[in-house]
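K.L.:
What follows is work.pdb; its format and atoms are PDB, C-alpha atoms.
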ATOM      1  CA  MET A   1      -5.188   3.137  -1.182  1.00  0.00           C
ATOM      2  CA  PHE A   2      -3.847   1.577   2.029  1.00  0.00           C
ATOM      3  CA  ILE A   3      -2.209   4.808   3.185  1.00  0.00           C
ATOM      4  CA  ALA A   4      -5.269   6.874   2.231  1.00  0.00           C
ATOM      5  CA  SER A   5      -7.539   4.581   4.261  1.00  0.00           C
ATOM      6  CA  LEU A   6      -5.296   4.904   7.296  1.00  0.00           C
ATOM      7  CA  GLU A   7      -5.227   8.686   6.873  1.00  0.00           C
ATOM      8  CA  VAL A   8      -9.044   8.750   6.885  1.00  0.00           C
ATOM      9  CA  ALA A   9      -9.069   6.654  10.049  1.00  0.00           C
ATOM     10  CA  THR A  10      -6.602   9.051  11.671  1.00  0.00           C
ATOM     11  CA  LYS A  11      -8.761  12.044  10.742  1.00  0.00           C
ATOM     12  CA  HIS A  12     -11.791  10.354  12.310  1.00  0.00           C
ATOM     13  CA  LEU A  13      -9.824   9.862  15.524  1.00  0.00           C
ATOM     14  CA  HIS A  14      -8.757  13.522  15.551  1.00  0.00           C
ATOM     15  CA  LEU A  15     -12.378  14.569  15.064  1.00  0.00           C
ATOM     16  CA  ALA A  16     -13.431  12.256  17.898  1.00  0.00           C
ATOM     17  CA  ASP A  17     -10.895  13.941  20.184  1.00  0.00           C
ATOM     18  CA  ALA A  18     -12.268  17.358  19.245  1.00  0.00           C
ATOM     19  CA  THR A  19     -15.945  16.731  20.028  1.00  0.00           C
ATOM     20  CA  ASP A  20     -17.833  16.754  23.304  1.00  0.00           C
ATOM     21  CA  ASP A  21     -20.751  14.806  21.816  1.00  0.00           C
ATOM     22  CA  VAL A  22     -20.410  11.288  23.235  1.00  0.00           C
ATOM     23  CA  GLU A  23     -22.506   9.593  20.538  1.00  0.00           C
ATOM     24  CA  LEU A  24     -20.619  11.346  17.748  1.00  0.00           C
ATOM     25  CA  ARG A  25     -17.306  10.410  19.391  1.00  0.00           C
ATOM     26  CA  TYR A  26     -18.397   6.764  19.554  1.00  0.00           C
ATOM     27  CA  ASP A  27     -19.460   6.771  15.892  1.00  0.00           C
ATOM     28  CA  LEU A  28     -16.216   8.409  14.767  1.00  0.00           C
ATOM     29  CA  ILE A  29     -14.103   5.900  16.681  1.00  0.00           C
ATOM     30  CA  ALA A  30     -16.157   2.994  15.310  1.00  0.00           C
ATOM     31  CA  ASP A  31     -15.685   4.352  11.768  1.00  0.00           C
ATOM     32  CA  ALA A  32     -11.940   4.726  12.365  1.00  0.00           C
ATOM     33  CA  VAL A  33     -11.640   1.123  13.538  1.00  0.00           C
ATOM     34  CA  GLY A  34     -13.671  -0.087  10.560  1.00  0.00           C
ATOM     35  CA  SER A  35     -11.502   1.902   8.161  1.00  0.00           C
ATOM     36  CA  GLY A  36      -8.345   0.484   9.706  1.00  0.00           C
ATOM     37  CA  VAL A  37      -9.576  -3.104   9.502  1.00  0.00           C
ATOM     38  CA  SER A  38     -10.708  -2.578   5.928  1.00  0.00           C
ATOM     39  CA  ALA A  39      -7.335  -1.089   4.973  1.00  0.00           C
ATOM     40  CA  PHE A  40      -5.432  -4.080   6.344  1.00  0.00           C
ATOM     41  CA  ASP A  41      -7.870  -6.506   4.713  1.00  0.00           C
ATOM     42  CA  THR A  42      -7.323  -4.819   1.358  1.00  0.00           C
ATOM     43  CA  LEU A  43      -3.558  -4.851   1.872  1.00  0.00           C
ATOM     44  CA  GLY A  44      -3.596  -8.566   2.707  1.00  0.00           C
ATOM     45  CA  LYS A  45      -5.654  -9.401  -0.372  1.00  0.00           C
ATOM     46  CA  GLU A  46      -3.308  -7.419  -2.602  1.00  0.00           C
ATOM     47  CA  LEU A  47      -0.227  -9.064  -1.092  1.00  0.00           C
ATOM     48  CA  ARG A  48      -1.820 -12.500  -1.572  1.00  0.00           C
ATOM     49  CA  ARG A  49      -2.581 -11.613  -5.203  1.00  0.00           C
ATOM     50  CA  ARG A  50       0.997 -10.468  -5.854  1.00  0.00           C
ATOM     51  CA  TYR A  51       2.748 -13.227  -3.891  1.00  0.00           C
ATOM     52  CA  PRO A  52       0.524 -16.310  -4.084  1.00  0.00           C
ATOM     53  CA  SER A  53       3.337 -18.724  -3.184  1.00  0.00           C
ATOM     54  CA  ALA A  54       4.096 -16.833   0.030  1.00  0.00           C
ATOM     55  CA  ILE A  55       0.502 -16.272   1.180  1.00  0.00           C
ATOM     56  CA  PRO A  56      -1.934 -19.129   0.583  1.00  0.00           C
ATOM     57  CA  ASN A  57      -5.609 -18.533  -0.230  1.00  0.00           C
ATOM     58  CA  ARG A  58      -6.683 -20.561   2.812  1.00  0.00           C
ATOM     59  CA  PRO A  59      -4.016 -19.896   5.475  1.00  0.00           C
ATOM     60  CA  ARG A  60      -4.085 -21.799   8.749  1.00  0.00           C
ATOM     61  CA  ASN A  61      -5.889 -19.807  11.433  1.00  0.00           C
ATOM     62  CA  PRO A  62      -3.435 -19.382  14.340  1.00  0.00           C
ATOM     63  CA  PHE A  63      -6.301 -18.416  16.674  1.00  0.00           C
ATOM     64  CA  GLN A  64      -8.021 -21.807  16.575  1.00  0.00           C
TER
END
Mind turning this structure into structure tokens?
P.N.:
Amino acid sequence: MFIASLEVATKHLHLADATDDVELRYDLIADAVGSGVSAFDTLGKELRRRYPSAIPNRPRNPFQ
């Protein structure tokens, strides 16, 4: 699922490169970013499920 989501994001970026329509390009890039974020979120949740001792449910936020 992770790889498939990244492949979809890549296809959206290729389509964005191929269009002259600025609004469509913006939408395709926004979709690609959303797909990428979603893919990594799903990956993180699955890793946390498989390795609960290595990845806590409430990890410390390094950005605060």
K.L.:
Quick one: 8 Å padding each side, axis-aligned, all listed atoms of stretch 29-42 of chain A - centre and edge lengths in Å to one decimal, as AutoDock Vina command-line options?
P.N.:
--center_x -10.8 --center_y -0.3 --center_z 9.0 --size_x 26.7 --size_y 28.4 --size_z 31.3
K.L.:
Would you please work out which residue, of A:Val33, A:Asn57, A:Arg50, A:Asp21, is nearest to A:Val8 when using all atoms listed in the file?
P.N.:
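Ranked by minimum distance to A:Val8, first place goes to A:Val33.
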K.L.:
Could you write out as a list of chain:residue names the residues that the PyMOL selection byres ((chain A and resi 40) around 12) matches in the shown file?
P.N.:
A:Met1, A:Phe2, A:Ile3, A:Ala4, A:Ser5, A:Leu6, A:Ala9, A:Val33, A:Gly34, A:Ser35, A:Gly36, A:Val37, A:Ser38, A:Ala39, A:Asp41, A:Thr42, A:Leu43, A:Gly44, A:Lys45, A:Glu46, A:Leu47
K.L.:
Please write the residues from the selection above to a file, keeping C-alpha atoms, as a compact mmCIF listing (two decimals), in the coordinates of the input.
P.N.:
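Now in out-v1.txt:
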# COMPACT_ATOMS: atom_id res chain seq x y z
CA MET A 1 -5.19 3.14 -1.18
CA PHE A 2 -3.85 1.58 2.03
CA ILE A 3 -2.21 4.81 3.18
CA ALA A 4 -5.27 6.87 2.23
CA SER A 5 -7.54 4.58 4.26
CA LEU A 6 -5.30 4.90 7.30
CA ALA A 9 -9.07 6.65 10.05
CA VAL A 33 -11.64 1.12 13.54
CA GLY A 34 -13.67 -0.09 10.56
CA SER A 35 -11.50 1.90 8.16
CA GLY A 36 -8.35 0.48 9.71
CA VAL A 37 -9.58 -3.10 9.50
CA SER A 38 -10.71 -2.58 5.93
CA ALA A 39 -7.34 -1.09 4.97
CA ASP A 41 -7.87 -6.51 4.71
CA THR A 42 -7.32 -4.82 1.36
CA LEU A 43 -3.56 -4.85 1.87
CA GLY A 44 -3.60 -8.57 2.71
CA LYS A 45 -5.65 -9.40 -0.37
CA GLU A 46 -3.31 -7.42 -2.60
CA LEU A 47 -0.23 -9.06 -1.09
K.L.:
Would you work out the distance separating atom CA of A:Arg25 from atom CA of A:Leu13, expressed in Å to one decimal?
P.N.:
8.4 Å
K.L.:
Can you tell me how far atom CA of A:Arg48 sits from atom CA of A:Phe63, in Å to one decimal?
P.N.:
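About the pair atom CA of A:Arg48 and atom CA of A:Phe63: they are 19.7 Å apart.
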K.L.:
Could you write out as a list in words the residues that the PyMOL selection byres ((chain A and resi 12) around 8) matches in the shown file?
P.N.:
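On the file shown, the PyMOL selection byres ((chain A and resi 12) around 8) covers Val8, Ala9, Thr10, Lys11, Leu13, His14, Leu15, Ala16, Leu28, Ile29, Asp31 and Ala32 of chain A.
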K.L.:
Would you compute the distance between atom CA of A:Val22 and atom CA of A:Glu7? Give it in Å to one decimal.
P.N.:
22.5 Å
